[in-house]
$ cat final-v1.txt   # compact mmCIF, C-alpha atoms
# COMPACT_ATOMS: atom_id res chain seq x y z
CA MET A 180 -43.11 33.90 46.36
CA MET A 181 -39.84 34.62 44.67
CA THR A 182 -37.16 31.92 44.49
CA THR A 183 -33.45 32.44 44.43
CA GLN A 184 -30.70 30.37 42.84
CA ARG A 185 -30.09 28.72 46.21
CA ASP A 186 -33.65 27.39 46.26
CA LYS A 187 -33.27 25.42 42.99
CA ARG A 188 -32.19 21.82 43.06
CA PRO A 189 -28.75 21.36 41.45
CA GLU A 190 -29.80 18.27 39.45
CA VAL A 191 -32.60 20.22 37.73
CA THR A 192 -30.21 23.02 36.81
CA LEU A 193 -27.68 20.49 35.51
CA ALA A 194 -30.34 18.68 33.43
CA CYS A 195 -31.46 21.98 31.88
CA LEU A 196 -27.85 22.89 31.10
CA LEU A 197 -27.21 19.50 29.45
CA LEU A 198 -30.36 19.72 27.34
CA ALA A 199 -29.55 23.26 26.27
CA THR A 200 -26.01 22.24 25.33
CA ALA A 201 -27.25 19.23 23.34
CA GLY A 202 -29.69 21.48 21.51
CA CYS A 203 -26.80 23.65 20.36
CA PHE A 204 -25.11 20.72 18.65
CA ALA A 205 -27.97 18.58 17.40
CA ASP A 206 -31.66 18.34 16.85
CA LEU A 207 -32.26 15.21 18.92
CA ASP A 208 -35.61 14.58 17.23
CA GLN A 209 -34.10 14.51 13.74
CA VAL A 210 -34.32 11.03 12.20
CA PRO A 211 -31.21 9.81 10.37
CA GLN A 212 -31.45 8.91 6.70
CA VAL A 213 -29.13 7.56 4.02
CA SER A 214 -29.23 10.06 1.16
CA VAL A 215 -26.66 8.27 -1.06
CA GLN A 216 -26.70 4.45 -0.99
CA PRO A 217 -23.59 2.28 -1.52
CA SER A 218 -23.55 0.49 -4.90
CA SER A 219 -23.06 -3.21 -5.54
CA THR A 220 -19.90 -4.07 -7.44
CA VAL A 221 -17.98 -6.94 -9.03
CA GLN A 222 -14.20 -7.06 -8.75
CA LYS A 223 -11.31 -9.44 -9.41
CA LEU A 224 -9.49 -11.21 -6.61
CA GLY A 225 -6.98 -8.73 -5.14
CA GLY A 226 -8.74 -5.71 -6.68
CA THR A 227 -9.68 -2.56 -4.81
CA VAL A 228 -13.31 -1.84 -3.93
CA ILE A 229 -14.62 1.52 -2.73
CA LEU A 230 -18.10 1.83 -1.24
CA GLY A 231 -19.58 5.21 -0.41
CA CYS A 232 -22.50 6.26 1.72
CA VAL A 233 -23.85 9.73 2.58
CA VAL A 234 -26.02 10.17 5.65
CA GLU A 235 -28.12 13.08 6.86
CA PRO A 236 -27.51 14.88 9.10
CA PRO A 237 -23.80 14.72 8.17
CA TRP A 238 -22.46 14.90 11.73
CA MET A 239 -23.94 11.60 12.87
CA LYS A 240 -21.87 8.49 13.52
CA THR A 241 -21.61 6.12 10.55
CA THR A 242 -20.53 2.49 10.85
CA TRP A 243 -20.52 -0.46 8.43
CA ARG A 244 -21.78 -4.05 8.51
CA LEU A 245 -20.47 -7.02 6.54
CA ASN A 246 -23.04 -9.81 6.15
CA GLY A 247 -25.00 -8.40 9.09
CA LYS A 248 -21.99 -8.28 11.43
CA GLU A 249 -20.87 -4.88 12.70
CA LEU A 250 -17.38 -3.85 11.58
CA ASN A 251 -15.60 -2.05 14.40
CA GLY A 252 -13.76 0.50 12.30
CA SER A 253 -10.91 -0.34 9.96
CA ASP A 254 -9.72 -3.95 9.98
CA ASP A 255 -6.09 -4.49 8.96
CA ALA A 256 -6.46 -8.28 8.91
CA LEU A 257 -9.26 -8.03 6.30
CA GLY A 258 -7.70 -5.08 4.49
CA ILE A 259 -10.72 -2.83 5.13
CA LEU A 260 -10.26 0.90 5.71
CA ILE A 261 -13.18 2.98 6.99
CA THR A 262 -13.22 6.77 7.05
CA ARG A 263 -16.51 8.57 7.63
CA GLY A 264 -18.93 7.39 4.92
CA THR A 265 -16.34 5.52 2.82
CA LEU A 266 -15.28 1.89 3.06
CA VAL A 267 -12.25 0.71 1.07
CA ILE A 268 -11.34 -2.94 0.54
CA THR A 269 -7.66 -2.74 -0.38
CA ALA A 270 -7.42 -6.26 -1.86
CA LEU A 271 -10.65 -8.20 -2.40
CA SER A 272 -10.55 -11.74 -1.04
CA ASN A 273 -12.98 -14.55 -0.25
CA HIS A 274 -13.24 -13.07 3.26
CA THR A 275 -14.32 -9.63 2.07
CA VAL A 276 -17.02 -10.55 -0.46
CA GLY A 277 -20.58 -10.22 0.77
CA ARG A 278 -23.30 -7.73 1.65
CA TYR A 279 -22.23 -4.36 3.03
CA GLN A 280 -24.45 -1.77 4.70
CA CYS A 281 -23.65 1.58 6.19
CA VAL A 282 -25.49 2.39 9.40
CA ALA A 283 -26.23 5.89 10.70
CA ARG A 284 -26.78 6.22 14.46
CA MET A 285 -27.93 8.97 16.78
CA PRO A 286 -30.03 9.21 19.96
CA ALA A 287 -33.29 9.36 17.97
CA GLY A 288 -32.52 6.03 16.27
CA ALA A 289 -30.55 4.28 13.57
CA VAL A 290 -31.05 3.51 9.91
CA ALA A 291 -29.19 1.13 7.60
CA SER A 292 -28.56 1.57 3.90
CA VAL A 293 -29.77 -0.79 1.21
CA PRO A 294 -27.27 -3.68 1.09
CA ALA A 295 -24.50 -3.40 -1.50
CA THR A 296 -23.22 -6.76 -2.66
CA VAL A 297 -19.50 -7.09 -3.34
CA THR A 298 -18.97 -10.06 -5.63
CA LEU A 299 -15.80 -11.81 -6.74
CA ALA A 300 -15.42 -12.02 -10.52
CA SER A 301 -13.78 -15.00 -12.13
CA GLU A 302 -10.49 -14.57 -13.92
CA CYS A 303 -11.33 -15.78 -17.39
CA CYS A 304 -10.94 -14.47 -20.87
CA SER A 305 -13.94 -12.74 -22.41
CA PHE A 306 -12.89 -14.10 -25.82
CA ALA A 307 -13.09 -17.72 -24.75
CA PRO A 308 -16.09 -18.19 -22.48
CA GLY A 309 -16.55 -21.69 -21.17
CA PRO A 310 -17.07 -23.74 -18.04
CA ARG A 311 -14.19 -21.99 -16.27
CA CYS A 312 -15.80 -18.58 -16.82
CA THR A 313 -18.34 -18.44 -14.06
CA LEU A 314 -19.23 -15.92 -11.47
CA PHE A 315 -20.08 -16.87 -7.93
CA LEU A 316 -23.22 -15.04 -6.83
CA PRO A 317 -24.34 -15.40 -3.23
CA PRO A 318 -28.00 -16.36 -3.05
CA ILE A 319 -30.25 -13.31 -3.10
CA LEU A 320 -33.87 -14.11 -2.38
CA SER A 321 -35.30 -11.30 -4.47
CA LEU A 322 -33.48 -12.30 -7.66
CA PRO A 323 -33.95 -15.38 -9.87
CA GLN A 324 -31.45 -18.08 -9.00
CA THR A 325 -29.48 -17.88 -12.27
CA LEU A 326 -25.78 -17.47 -12.76
CA HIS A 327 -24.31 -15.19 -15.39
CA THR A 328 -20.84 -15.35 -16.86
CA LEU A 329 -18.73 -12.30 -16.22
CA CYS A 330 -15.10 -11.91 -17.13
CA LEU A 331 -12.97 -8.95 -16.14
$ encode --input "final-v1.txt" --output "structure tokens"
Amino acid sequence: MMTTQRDKRPEVTLACLLLATAGCFADLDQVPQVSVQPSSTVQKLGGTVILGCVVEPPWMKTTWRLNGKELNGSDDALGILITRGTLVITALSNHTVGRYQCVARMPAGAVASVPATVTLASECCSFAPGPRCTLFLPPILSLPQTLHTLCL
């Protein structure tokens, strides 16, 4: 028996159209991956920090987390600018130090980068190290709990 267009259910036709359209724009089975990880950095109070992240496939949505909390785009109050895979801290403060991760999302799933730690350097003179020349390091379980002096 031959069927005509009138015999097909409209929801089936619509579902096929949507799936075909999605296939034109994306491979929905492709798993996201972070191909370039953001790097940890140390910066002075008020300094600029730039973190970069490259995800594959490049068209997928990329967001950022600070200390596990999702950042909803740029944040003027914190001085954080986010554009695609780049996060810029315009003036580092006590509120913007911590662990940053970029997160790639798509229908097949999500993947987060390795955390990049942004640390605040002390303002001391490298020629006169002493008790005032210390660097605050947030506790990291995988590293020995030692503090190192760093002066910028």
$ residues_around --input "final-v1.txt" --residues "Pro236 in chain A" --least-positions-apart "6" --cutoff "9 Å" --atoms "only C-alpha atoms" --output "list in words"
Gln209, Val210, Pro211 and Gln212 of chain A
$ residues_near_point --input "final-v1.txt" --point "(-25.0, -2.3, 2.2)" --cutoff "10 Å" --atoms "all atoms listed in the file" --output "ChimeraX atom specification"
/A:216-219,230-232,243-247,277-282,291-297
$ closest_residue --input "final-v1.txt" --among "A:Ala270, A:Leu260, A:Ala283, A:Ala300" --to "Thr227 in chain A" --atoms "only C-alpha atoms"
A:Ala270
$ residues_around --input "final-v1.txt" --residues "Thr241 in chain A" --least-positions-apart "2" --cutoff "10 Å" --atoms "only C-alpha atoms" --output "list in words"
Cys232, Val233, Val234, Pro237, Trp238, Met239, Trp243, Gly252, Ile261, Thr262, Arg263, Gly264, Thr265, Cys281, Val282, Ala283, Arg284, Met285, Ala289, Val290 and Ala291 of chain A
$ closest_residue --input "final-v1.txt" --among "A:Lys248, A:Asp254, A:Ile229, A:Val213" --to "Leu266 in chain A" --atoms "all atoms listed in the file"
A:Ile229
$ atom_distance --input "final-v1.txt" --atom1 "CA of Ala256 in chain A" --atom2 "CA of Leu271 in chain A"
12.1 Å
$ atom_distance --input "final-v1.txt" --atom1 "CA of Val276 in chain A" --atom2 "CA of Gly288 in chain A"
28.2 Å
